[in-house]
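Shown next: protein_15.txt, containing compact mmCIF, N, CA and C atoms and all ligand atoms.
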```txt
# COMPACT_ATOMS: atom_id res chain seq x y z
N MET A 1 25.09 28.32 197.26
CA MET A 1 24.13 29.12 198.01
C MET A 1 23.50 28.28 199.13
N SER A 2 23.44 28.83 200.31
CA SER A 2 22.85 28.08 201.43
C SER A 2 21.32 28.07 201.30
N ASN A 3 20.75 27.19 202.06
CA ASN A 3 19.28 27.12 202.07
C ASN A 3 18.66 28.44 202.51
N TYR A 4 19.34 29.04 203.48
CA TYR A 4 18.82 30.29 204.02
C TYR A 4 18.79 31.38 202.95
N GLU A 5 19.89 31.46 202.17
CA GLU A 5 19.96 32.45 201.10
C GLU A 5 18.90 32.19 200.01
N GLN A 6 18.72 30.92 199.74
CA GLN A 6 17.70 30.56 198.74
C GLN A 6 16.31 31.01 199.22
N LEU A 7 16.07 30.78 200.48
CA LEU A 7 14.78 31.19 201.06
C LEU A 7 14.60 32.70 200.97
N LEU A 8 15.68 33.41 201.30
CA LEU A 8 15.63 34.88 201.25
C LEU A 8 15.30 35.36 199.84
N GLU A 9 15.98 34.76 198.88
CA GLU A 9 15.78 35.16 197.49
C GLU A 9 14.33 34.92 197.07
N LYS A 10 13.82 33.78 197.48
CA LYS A 10 12.44 33.43 197.17
C LYS A 10 11.49 34.48 197.78
N ALA A 11 11.76 34.84 199.02
CA ALA A 11 10.91 35.81 199.71
C ALA A 11 10.92 37.15 198.98
N PHE A 12 12.09 37.58 198.53
CA PHE A 12 12.19 38.86 197.83
C PHE A 12 11.52 38.82 196.47
N ASP A 13 11.56 37.65 195.85
CA ASP A 13 10.86 37.49 194.57
C ASP A 13 9.36 37.74 194.74
N LEU A 14 8.85 37.31 195.87
CA LEU A 14 7.40 37.42 196.10
C LEU A 14 6.99 38.84 196.50
N LEU A 15 7.91 39.56 197.12
CA LEU A 15 7.55 40.86 197.70
C LEU A 15 7.12 41.95 196.70
N PRO A 16 7.86 42.17 195.62
CA PRO A 16 7.54 43.34 194.79
C PRO A 16 6.09 43.36 194.33
N GLY A 17 5.59 42.23 193.87
CA GLY A 17 4.20 42.15 193.39
C GLY A 17 3.23 42.64 194.43
N LEU A 18 3.45 42.18 195.66
CA LEU A 18 2.53 42.54 196.74
C LEU A 18 2.54 44.04 197.00
N SER A 19 3.73 44.63 197.14
CA SER A 19 3.79 46.04 197.50
C SER A 19 3.30 46.92 196.35
N GLU A 20 3.56 46.51 195.12
CA GLU A 20 3.08 47.30 193.98
C GLU A 20 1.55 47.40 193.96
N GLU A 21 0.92 46.25 194.18
CA GLU A 21 -0.55 46.26 194.14
C GLU A 21 -1.12 47.18 195.21
N LYS A 22 -0.50 47.17 196.39
CA LYS A 22 -1.00 48.01 197.47
C LYS A 22 -0.80 49.49 197.15
N ALA A 23 0.31 49.81 196.51
CA ALA A 23 0.60 51.20 196.18
C ALA A 23 -0.32 51.70 195.07
N ASP A 24 -0.78 50.78 194.24
CA ASP A 24 -1.65 51.11 193.11
C ASP A 24 -2.88 51.91 193.50
N PHE A 25 -3.50 51.50 194.56
CA PHE A 25 -4.81 52.02 194.87
C PHE A 25 -4.87 52.52 196.30
N LYS A 26 -5.41 53.72 196.47
CA LYS A 26 -5.53 54.29 197.80
C LYS A 26 -7.00 54.59 198.07
N ILE A 27 -7.49 54.13 199.18
CA ILE A 27 -8.86 54.45 199.57
C ILE A 27 -8.92 55.95 199.85
N PRO A 28 -9.84 56.67 199.21
CA PRO A 28 -9.86 58.13 199.40
C PRO A 28 -10.19 58.54 200.84
N GLU A 29 -9.54 59.60 201.29
CA GLU A 29 -9.82 60.15 202.62
C GLU A 29 -11.11 60.95 202.55
N VAL A 30 -11.92 60.83 203.59
CA VAL A 30 -13.16 61.60 203.65
C VAL A 30 -12.83 63.03 204.08
N ASP A 31 -13.37 64.00 203.34
CA ASP A 31 -13.21 65.40 203.69
C ASP A 31 -14.55 65.88 204.25
N SER A 32 -14.66 65.91 205.58
CA SER A 32 -15.97 66.20 206.17
C SER A 32 -15.93 67.40 207.10
N LEU A 33 -17.11 67.86 207.42
CA LEU A 33 -17.27 69.10 208.17
C LEU A 33 -18.56 68.99 208.99
N VAL A 34 -18.45 69.26 210.31
CA VAL A 34 -19.66 69.26 211.13
C VAL A 34 -20.25 70.66 211.11
N GLN A 35 -21.55 70.72 210.79
CA GLN A 35 -22.25 72.02 210.77
C GLN A 35 -23.51 71.88 211.60
N GLY A 36 -23.49 72.44 212.81
CA GLY A 36 -24.64 72.27 213.70
C GLY A 36 -24.81 70.81 214.04
N ASN A 37 -25.99 70.27 213.72
CA ASN A 37 -26.24 68.86 214.01
C ASN A 37 -26.03 67.97 212.80
N LYS A 38 -25.43 68.53 211.76
CA LYS A 38 -25.22 67.77 210.53
C LYS A 38 -23.74 67.58 210.26
N THR A 39 -23.46 66.55 209.48
CA THR A 39 -22.09 66.35 209.01
C THR A 39 -22.13 66.31 207.48
N ILE A 40 -21.24 67.08 206.88
CA ILE A 40 -21.23 67.16 205.43
C ILE A 40 -19.95 66.52 204.89
N ILE A 41 -20.12 65.60 203.95
CA ILE A 41 -18.95 65.04 203.26
C ILE A 41 -18.80 65.85 201.97
N LYS A 42 -17.71 66.61 201.90
CA LYS A 42 -17.55 67.57 200.81
C LYS A 42 -17.01 66.92 199.53
N ASN A 43 -16.32 65.79 199.70
CA ASN A 43 -15.71 65.19 198.50
C ASN A 43 -16.40 63.89 198.07
N ILE A 44 -17.73 63.87 198.23
CA ILE A 44 -18.46 62.65 197.85
C ILE A 44 -18.33 62.35 196.34
N ALA A 45 -18.24 63.39 195.54
CA ALA A 45 -18.10 63.19 194.09
C ALA A 45 -16.81 62.41 193.79
N GLN A 46 -15.74 62.82 194.44
CA GLN A 46 -14.44 62.16 194.25
C GLN A 46 -14.49 60.70 194.75
N ILE A 47 -15.10 60.51 195.92
CA ILE A 47 -15.18 59.16 196.50
C ILE A 47 -16.01 58.25 195.58
N ALA A 48 -17.15 58.75 195.11
CA ALA A 48 -18.01 57.95 194.24
C ALA A 48 -17.29 57.63 192.93
N ASP A 49 -16.49 58.57 192.46
CA ASP A 49 -15.70 58.39 191.24
C ASP A 49 -14.69 57.27 191.39
N VAL A 50 -13.94 57.32 192.49
CA VAL A 50 -12.90 56.32 192.75
C VAL A 50 -13.55 54.95 192.95
N ALA A 51 -14.67 54.94 193.68
CA ALA A 51 -15.37 53.68 193.96
C ALA A 51 -16.10 53.16 192.72
N ARG A 52 -16.39 54.07 191.79
CA ARG A 52 -17.21 53.75 190.62
C ARG A 52 -18.57 53.19 191.05
N ARG A 53 -19.14 53.84 192.05
CA ARG A 53 -20.47 53.47 192.52
C ARG A 53 -21.34 54.72 192.54
N ASP A 54 -22.65 54.52 192.44
CA ASP A 54 -23.58 55.64 192.62
C ASP A 54 -23.50 56.12 194.06
N ARG A 55 -23.66 57.45 194.22
CA ARG A 55 -23.64 57.91 195.60
C ARG A 55 -24.85 57.41 196.38
N SER A 56 -25.90 57.00 195.68
CA SER A 56 -27.06 56.43 196.38
C SER A 56 -26.65 55.16 197.13
N GLU A 57 -25.73 54.38 196.56
CA GLU A 57 -25.25 53.15 197.23
C GLU A 57 -24.42 53.49 198.45
N ILE A 58 -23.57 54.50 198.31
CA ILE A 58 -22.74 54.92 199.44
C ILE A 58 -23.64 55.49 200.54
N ALA A 59 -24.64 56.28 200.13
CA ALA A 59 -25.58 56.87 201.09
C ALA A 59 -26.33 55.77 201.86
N LYS A 60 -26.73 54.72 201.13
CA LYS A 60 -27.46 53.62 201.76
C LYS A 60 -26.59 52.92 202.81
N TYR A 61 -25.35 52.68 202.43
CA TYR A 61 -24.39 52.03 203.34
C TYR A 61 -24.19 52.88 204.60
N LEU A 62 -23.97 54.19 204.41
CA LEU A 62 -23.70 55.07 205.55
C LEU A 62 -24.93 55.20 206.45
N THR A 63 -26.12 55.22 205.85
CA THR A 63 -27.36 55.30 206.63
C THR A 63 -27.42 54.14 207.62
N LYS A 64 -27.11 52.93 207.12
CA LYS A 64 -27.14 51.74 207.98
C LYS A 64 -26.03 51.77 209.02
N GLU A 65 -24.83 52.07 208.57
CA GLU A 65 -23.66 52.01 209.45
C GLU A 65 -23.74 53.05 210.57
N LEU A 66 -24.26 54.24 210.23
CA LEU A 66 -24.25 55.34 211.19
C LEU A 66 -25.60 55.48 211.90
N ALA A 67 -26.59 54.71 211.45
CA ALA A 67 -27.93 54.78 212.00
C ALA A 67 -28.44 56.22 212.02
N ALA A 68 -28.22 56.92 210.90
CA ALA A 68 -28.68 58.31 210.78
C ALA A 68 -29.13 58.55 209.33
N PRO A 69 -30.12 59.44 209.16
CA PRO A 69 -30.56 59.74 207.79
C PRO A 69 -29.45 60.43 206.98
N VAL A 70 -29.39 60.09 205.71
CA VAL A 70 -28.37 60.65 204.83
C VAL A 70 -29.05 61.19 203.57
N THR A 71 -28.68 62.41 203.18
CA THR A 71 -29.15 62.94 201.91
C THR A 71 -27.93 63.31 201.07
N TYR A 72 -28.15 63.51 199.77
CA TYR A 72 -27.00 63.86 198.93
C TYR A 72 -27.47 64.60 197.69
N ASP A 73 -26.56 65.37 197.13
CA ASP A 73 -26.79 65.97 195.82
C ASP A 73 -25.48 65.85 195.04
N ASP A 74 -25.34 66.59 193.97
CA ASP A 74 -24.14 66.47 193.14
C ASP A 74 -22.87 66.82 193.89
N GLN A 75 -22.97 67.82 194.76
CA GLN A 75 -21.79 68.37 195.40
C GLN A 75 -21.38 67.66 196.68
N LYS A 76 -22.38 67.29 197.47
CA LYS A 76 -22.05 66.83 198.83
C LYS A 76 -23.04 65.79 199.32
N LEU A 77 -22.61 65.13 200.40
CA LEU A 77 -23.49 64.19 201.08
C LEU A 77 -23.67 64.71 202.50
N THR A 78 -24.90 64.72 202.98
CA THR A 78 -25.19 65.28 204.29
C THR A 78 -25.74 64.20 205.22
N ILE A 79 -25.12 64.05 206.38
CA ILE A 79 -25.58 63.09 207.39
C ILE A 79 -26.26 63.90 208.49
N LEU A 80 -27.47 63.51 208.85
CA LEU A 80 -28.20 64.28 209.86
C LEU A 80 -27.81 63.80 211.26
N ALA A 81 -26.53 63.92 211.55
CA ALA A 81 -25.96 63.60 212.86
C ALA A 81 -24.54 64.14 212.88
N LYS A 82 -23.99 64.29 214.10
CA LYS A 82 -22.60 64.74 214.20
C LYS A 82 -21.70 63.52 214.18
N ILE A 83 -20.88 63.41 213.17
CA ILE A 83 -19.99 62.25 213.03
C ILE A 83 -18.55 62.74 212.86
N GLN A 84 -17.65 62.17 213.64
CA GLN A 84 -16.23 62.52 213.53
C GLN A 84 -15.66 62.04 212.20
N GLN A 85 -14.69 62.80 211.70
CA GLN A 85 -14.05 62.43 210.43
C GLN A 85 -13.36 61.05 210.53
N ASN A 86 -12.76 60.77 211.70
CA ASN A 86 -12.12 59.46 211.91
C ASN A 86 -13.10 58.32 211.69
N THR A 87 -14.29 58.47 212.28
CA THR A 87 -15.32 57.45 212.15
C THR A 87 -15.70 57.27 210.68
N LEU A 88 -15.86 58.38 209.98
CA LEU A 88 -16.23 58.32 208.57
C LEU A 88 -15.15 57.62 207.75
N ASN A 89 -13.91 57.90 208.07
CA ASN A 89 -12.80 57.24 207.35
C ASN A 89 -12.80 55.74 207.61
N GLU A 90 -13.08 55.35 208.85
CA GLU A 90 -13.15 53.91 209.17
C GLU A 90 -14.28 53.24 208.40
N LYS A 91 -15.43 53.90 208.36
CA LYS A 91 -16.58 53.33 207.64
C LYS A 91 -16.28 53.22 206.15
N MET A 92 -15.65 54.26 205.61
CA MET A 92 -15.35 54.28 204.18
C MET A 92 -14.33 53.20 203.84
N LYS A 93 -13.35 53.02 204.72
CA LYS A 93 -12.34 51.98 204.51
C LYS A 93 -13.02 50.61 204.45
N ARG A 94 -13.94 50.38 205.37
CA ARG A 94 -14.65 49.11 205.43
C ARG A 94 -15.51 48.92 204.17
N TYR A 95 -16.14 50.00 203.72
CA TYR A 95 -16.96 49.94 202.51
C TYR A 95 -16.12 49.51 201.31
N PHE A 96 -14.97 50.13 201.19
CA PHE A 96 -14.08 49.79 200.07
C PHE A 96 -13.60 48.35 200.19
N GLU A 97 -13.24 47.94 201.40
CA GLU A 97 -12.74 46.57 201.58
C GLU A 97 -13.81 45.54 201.29
N LEU A 98 -15.05 45.87 201.66
CA LEU A 98 -16.14 44.91 201.46
C LEU A 98 -16.65 44.90 200.02
N TYR A 99 -16.86 46.09 199.47
CA TYR A 99 -17.64 46.18 198.23
C TYR A 99 -16.85 46.62 197.00
N ILE A 100 -15.69 47.19 197.17
CA ILE A 100 -15.00 47.78 196.03
C ILE A 100 -13.75 47.00 195.64
N ILE A 101 -12.92 46.66 196.60
CA ILE A 101 -11.64 46.04 196.28
C ILE A 101 -11.82 44.53 196.11
N CYS A 102 -11.38 44.03 194.96
CA CYS A 102 -11.55 42.61 194.64
C CYS A 102 -10.84 41.73 195.66
N LYS A 103 -11.56 40.70 196.13
CA LYS A 103 -10.98 39.80 197.12
C LYS A 103 -9.87 38.94 196.52
N GLU A 104 -9.91 38.74 195.22
CA GLU A 104 -8.92 37.87 194.57
C GLU A 104 -7.66 38.64 194.17
N CYS A 105 -7.84 39.72 193.40
CA CYS A 105 -6.65 40.41 192.85
C CYS A 105 -6.39 41.76 193.53
N HIS A 106 -7.26 42.16 194.44
CA HIS A 106 -7.08 43.40 195.22
C HIS A 106 -7.09 44.66 194.37
N LYS A 107 -7.69 44.59 193.21
CA LYS A 107 -7.85 45.80 192.40
C LYS A 107 -9.26 46.36 192.63
N PRO A 108 -9.43 47.66 192.42
CA PRO A 108 -10.75 48.26 192.68
C PRO A 108 -11.67 48.23 191.46
N ASP A 109 -11.39 47.36 190.50
CA ASP A 109 -12.13 47.38 189.23
C ASP A 109 -13.37 46.49 189.27
N THR A 110 -14.19 46.68 190.29
CA THR A 110 -15.36 45.81 190.43
C THR A 110 -16.64 46.57 190.13
N HIS A 111 -17.69 45.83 189.81
CA HIS A 111 -19.01 46.44 189.78
C HIS A 111 -20.02 45.50 190.44
N VAL A 112 -21.14 46.08 190.85
CA VAL A 112 -22.20 45.29 191.48
C VAL A 112 -23.02 44.65 190.38
N GLN A 113 -23.14 43.34 190.43
CA GLN A 113 -23.96 42.65 189.43
C GLN A 113 -25.40 42.56 189.89
N MET A 114 -25.57 42.33 191.21
CA MET A 114 -26.91 42.07 191.68
C MET A 114 -26.97 42.30 193.19
N ILE A 115 -28.09 42.86 193.66
CA ILE A 115 -28.33 42.93 195.10
C ILE A 115 -29.62 42.18 195.35
N ASP A 116 -29.54 41.13 196.16
CA ASP A 116 -30.70 40.28 196.34
C ASP A 116 -30.74 39.72 197.75
N ARG A 117 -31.84 39.88 198.43
CA ARG A 117 -32.07 39.31 199.77
C ARG A 117 -30.90 39.56 200.72
N GLY A 118 -30.43 40.80 200.73
CA GLY A 118 -29.39 41.15 201.70
C GLY A 118 -27.99 40.74 201.27
N TYR A 119 -27.85 40.26 200.04
CA TYR A 119 -26.51 39.91 199.55
C TYR A 119 -26.19 40.72 198.29
N THR A 120 -24.95 41.13 198.19
CA THR A 120 -24.49 41.85 197.01
C THR A 120 -23.53 40.96 196.23
N THR A 121 -23.81 40.77 194.95
CA THR A 121 -22.89 40.01 194.11
C THR A 121 -21.98 40.98 193.37
N ILE A 122 -20.68 40.76 193.52
CA ILE A 122 -19.69 41.67 192.97
C ILE A 122 -18.87 40.93 191.92
N VAL A 123 -18.63 41.60 190.79
CA VAL A 123 -17.83 41.02 189.71
C VAL A 123 -16.61 41.90 189.50
N CYS A 124 -15.45 41.26 189.37
CA CYS A 124 -14.21 42.00 189.13
C CYS A 124 -13.91 42.01 187.63
N GLU A 125 -13.73 43.22 187.10
CA GLU A 125 -13.44 43.34 185.67
C GLU A 125 -11.97 43.06 185.36
N ALA A 126 -11.12 43.13 186.38
CA ALA A 126 -9.69 42.90 186.16
C ALA A 126 -9.38 41.41 186.07
N CYS A 127 -9.92 40.59 186.98
CA CYS A 127 -9.55 39.17 187.00
C CYS A 127 -10.73 38.24 186.78
N GLY A 128 -11.95 38.79 186.72
CA GLY A 128 -13.12 37.96 186.45
C GLY A 128 -13.72 37.28 187.67
N ALA A 129 -13.15 37.53 188.84
CA ALA A 129 -13.68 36.90 190.06
C ALA A 129 -15.12 37.38 190.30
N LYS A 130 -15.92 36.49 190.86
CA LYS A 130 -17.29 36.83 191.18
C LYS A 130 -17.57 36.27 192.57
N TYR A 131 -18.07 37.12 193.46
CA TYR A 131 -18.33 36.65 194.81
C TYR A 131 -19.47 37.44 195.43
N THR A 132 -19.97 36.92 196.52
CA THR A 132 -21.14 37.49 197.19
C THR A 132 -20.76 37.99 198.57
N VAL A 133 -21.22 39.19 198.87
CA VAL A 133 -20.96 39.79 200.18
C VAL A 133 -22.30 39.95 200.89
N LYS A 134 -22.34 39.55 202.16
CA LYS A 134 -23.56 39.76 202.94
C LYS A 134 -23.64 41.23 203.33
N ASN A 135 -24.76 41.86 203.04
CA ASN A 135 -24.89 43.27 203.38
C ASN A 135 -25.00 43.44 204.89
N SER A 136 -24.37 44.50 205.39
CA SER A 136 -24.41 44.72 206.85
C SER A 136 -25.76 45.24 207.25
ZN ZN A 201 -10.10 40.79 190.67
```
Output the file's structure in the form of structure tokens.
Amino acid sequence: MSNYEQLLEKAFDLLPGLSEEKADFKIPEVDSLVQGNKTIIKNIAQIADVARRDRSEIAKYLTKELAAPVTYDDQKLTILAKIQQNTLNEKMKRYFELYIICKECHKPDTHVQMIDRGYTTIVCEACGAKYTVKNS
């Protein structure tokens, strides 16, 4: 076997693990609707479920990111501004990347251990990693 073939084989050995992990978890798409001067996220229950976070945390994040007041109930989350669905999806993607998906093993099995002085400490239940994220 040539060096090149050996390298190729090595590369393919590494690939399956990576692609499997990515396929495992999908950041949920935001299902939103503009109504007058408000934007309603209709599937907040599903998003909060997948994230395993209180919707109050998601609401707090969106309030800061969108610089608009946010309210929520069991069914929906309401932003008191007109926000495009694309923008909401970008914000949600960033939220998941920052606060939900483990930096070490890339699984979404994390929980918030502590929020202190603008930093969130996140613990991964899958691999045990613990790290701190600066809140935006
Ligand atoms: Zn992990």
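Listed by chain and then residue number, the contacts of ligand ZN 201 (chain A) are Cys102, Lys103, Glu104, Cys105, His106, Lys107, Cys124, Glu125, Ala126, Cys127, Gly128 and Ala129 of chain A (distance at most 6.5 Å, using only N, CA and C atoms and all ligand atoms).
Minimum distance to A:Lys82 across A:Asn37, A:Lys10, A:Ile122, A:Asn135 (counting all atoms listed in the file) occurs at A:Asn37.
Residue nearest A:Lys64, chosen from A:Pro28, A:Gly118, A:Ser136, A:Asn86 and counting only N, CA and C atoms: A:Ser136.
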Report, as JSON, the centre and edge lengths in Å (one decimal) of the axis-aligned box enclosing every listed atom of stretch 78-89 of chain A, padded by 3 Å on each side.
```
{"center_x": -20.2, "center_y": 60.5, "center_z": 208.6, "size_x": 22.1, "size_y": 15.5, "size_z": 17.2}
```
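Counting only C-alpha atoms, the residue from A:Arg53, A:Lys42, A:Leu7, A:Ile101 that sits nearest to A:Phe25 is A:Ile101.
Using only C-alpha atoms, the shortest contact distance between A:Val70 and any of A:Ile27, A:Ile115, A:Leu8, A:Ile40 is found at A:Ile40.
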Residue contacts of A:Met114 (12 Å, only C-alpha atoms) excluding same-chain residues fewer than 5 positions away, as a compact mmCIF listing (two decimals) with N, CA and C atoms, in the frame of the given file:
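Dumped to part33.txt:
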```
# COMPACT_ATOMS: atom_id res chain seq x y z
N TYR A 119 -27.85 40.26 200.04
CA TYR A 119 -26.51 39.91 199.55
C TYR A 119 -26.19 40.72 198.29
N THR A 120 -24.95 41.13 198.19
CA THR A 120 -24.49 41.85 197.01
C THR A 120 -23.53 40.96 196.23
N THR A 121 -23.81 40.77 194.95
CA THR A 121 -22.89 40.01 194.11
C THR A 121 -21.98 40.98 193.37
N ILE A 122 -20.68 40.76 193.52
CA ILE A 122 -19.69 41.67 192.97
C ILE A 122 -18.87 40.93 191.92
N VAL A 123 -18.63 41.60 190.79
CA VAL A 123 -17.83 41.02 189.71
C VAL A 123 -16.61 41.90 189.50
N LYS A 130 -15.92 36.49 190.86
CA LYS A 130 -17.29 36.83 191.18
C LYS A 130 -17.57 36.27 192.57
N TYR A 131 -18.07 37.12 193.46
CA TYR A 131 -18.33 36.65 194.81
C TYR A 131 -19.47 37.44 195.43
N THR A 132 -19.97 36.92 196.52
CA THR A 132 -21.14 37.49 197.19
C THR A 132 -20.76 37.99 198.57
N VAL A 133 -21.22 39.19 198.87
CA VAL A 133 -20.96 39.79 200.18
C VAL A 133 -22.30 39.95 200.89
N LYS A 134 -22.34 39.55 202.16
CA LYS A 134 -23.56 39.76 202.94
C LYS A 134 -23.64 41.23 203.33
N ASN A 135 -24.76 41.86 203.04
CA ASN A 135 -24.89 43.27 203.38
C ASN A 135 -25.00 43.44 204.89
```
Inset, instruction - Compute the distance from (-22.9, 60.0, 207.8) to each atom, counting all atoms listed in the file, keep the residues with any atom at most 7 Å away, and return them as number ranges by chain; use the coordinates of the file. - result: A: 39, 62-63, 66, 68-70, 78-81, 83, 88
Would you save the residues from that selection as a PDB file, in the coordinates of the input, using N, CA and C atoms?
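Output file result-v7.pdb is given in full below:
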```pdb
ATOM      1  N   THR A  39     -23.460  66.550 209.480  1.00  0.00           N
ATOM      2  CA  THR A  39     -22.090  66.350 209.010  1.00  0.00           C
ATOM      3  C   THR A  39     -22.130  66.310 207.480  1.00  0.00           C
ATOM      4  N   LEU A  62     -23.970  54.190 204.410  1.00  0.00           N
ATOM      5  CA  LEU A  62     -23.700  55.070 205.550  1.00  0.00           C
ATOM      6  C   LEU A  62     -24.930  55.200 206.450  1.00  0.00           C
ATOM      7  N   THR A  63     -26.120  55.220 205.850  1.00  0.00           N
ATOM      8  CA  THR A  63     -27.360  55.300 206.630  1.00  0.00           C
ATOM      9  C   THR A  63     -27.420  54.140 207.620  1.00  0.00           C
ATOM     10  N   LEU A  66     -24.260  54.240 210.230  1.00  0.00           N
ATOM     11  CA  LEU A  66     -24.250  55.340 211.190  1.00  0.00           C
ATOM     12  C   LEU A  66     -25.600  55.480 211.900  1.00  0.00           C
ATOM     13  N   ALA A  68     -28.220  56.920 210.900  1.00  0.00           N
ATOM     14  CA  ALA A  68     -28.680  58.310 210.780  1.00  0.00           C
ATOM     15  C   ALA A  68     -29.130  58.550 209.330  1.00  0.00           C
ATOM     16  N   PRO A  69     -30.120  59.440 209.160  1.00  0.00           N
ATOM     17  CA  PRO A  69     -30.560  59.740 207.790  1.00  0.00           C
ATOM     18  C   PRO A  69     -29.450  60.430 206.980  1.00  0.00           C
ATOM     19  N   VAL A  70     -29.390  60.090 205.710  1.00  0.00           N
ATOM     20  CA  VAL A  70     -28.370  60.650 204.830  1.00  0.00           C
ATOM     21  C   VAL A  70     -29.050  61.190 203.570  1.00  0.00           C
ATOM     22  N   THR A  78     -24.900  64.720 202.980  1.00  0.00           N
ATOM     23  CA  THR A  78     -25.190  65.280 204.290  1.00  0.00           C
ATOM     24  C   THR A  78     -25.740  64.200 205.220  1.00  0.00           C
ATOM     25  N   ILE A  79     -25.120  64.050 206.380  1.00  0.00           N
ATOM     26  CA  ILE A  79     -25.580  63.090 207.390  1.00  0.00           C
ATOM     27  C   ILE A  79     -26.260  63.900 208.490  1.00  0.00           C
ATOM     28  N   LEU A  80     -27.470  63.510 208.850  1.00  0.00           N
ATOM     29  CA  LEU A  80     -28.200  64.280 209.860  1.00  0.00           C
ATOM     30  C   LEU A  80     -27.810  63.800 211.260  1.00  0.00           C
ATOM     31  N   ALA A  81     -26.530  63.920 211.550  1.00  0.00           N
ATOM     32  CA  ALA A  81     -25.960  63.600 212.860  1.00  0.00           C
ATOM     33  C   ALA A  81     -24.540  64.140 212.880  1.00  0.00           C
ATOM     34  N   ILE A  83     -20.880  63.410 213.170  1.00  0.00           N
ATOM     35  CA  ILE A  83     -19.990  62.250 213.030  1.00  0.00           C
ATOM     36  C   ILE A  83     -18.550  62.740 212.860  1.00  0.00           C
ATOM     37  N   LEU A  88     -15.860  58.380 209.980  1.00  0.00           N
ATOM     38  CA  LEU A  88     -16.230  58.320 208.570  1.00  0.00           C
ATOM     39  C   LEU A  88     -15.150  57.620 207.750  1.00  0.00           C
TER      40      LEU A  88
END
```
Inset, instruction - Would you mind writing down, as a PyMOL selection string, each residue of stretch 38-98 of chain A that DSSP on the backbone assigns to strand (DSSP E)? - result: chain A and resi 38-41+70-72+77-79
Legend entry - A:Lys26, A:Lys38, A:Arg94, A:Arg52 ranked by distance to A:Val112, top pick (using only N, CA and C atoms): A:Arg52
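For the pair atom CA of A:Ala45 and atom CA of A:Leu77, the interatomic distance is 8.9 Å.
Interatomic distance, atom N of A:Ile44 to atom CA of A:Asp74: 8.6 Å.
Atom pair atom CA of A:Lys93 / atom N of A:Asp49: separated by 14.3 Å.
Closest approach to A:Ile58 among A:Pro108, A:Phe96, A:Glu29, A:Gln85: A:Phe96, based on only C-alpha atoms.
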Inset, instruction - Check stretch 9-135 of chain A with DSSP on the backbone and list each residue it calls helix (DSSP H, G or I), as a VMD selection string. - result: chain A and resid 9 to 24 44 to 51 55 to 66 85 to 100
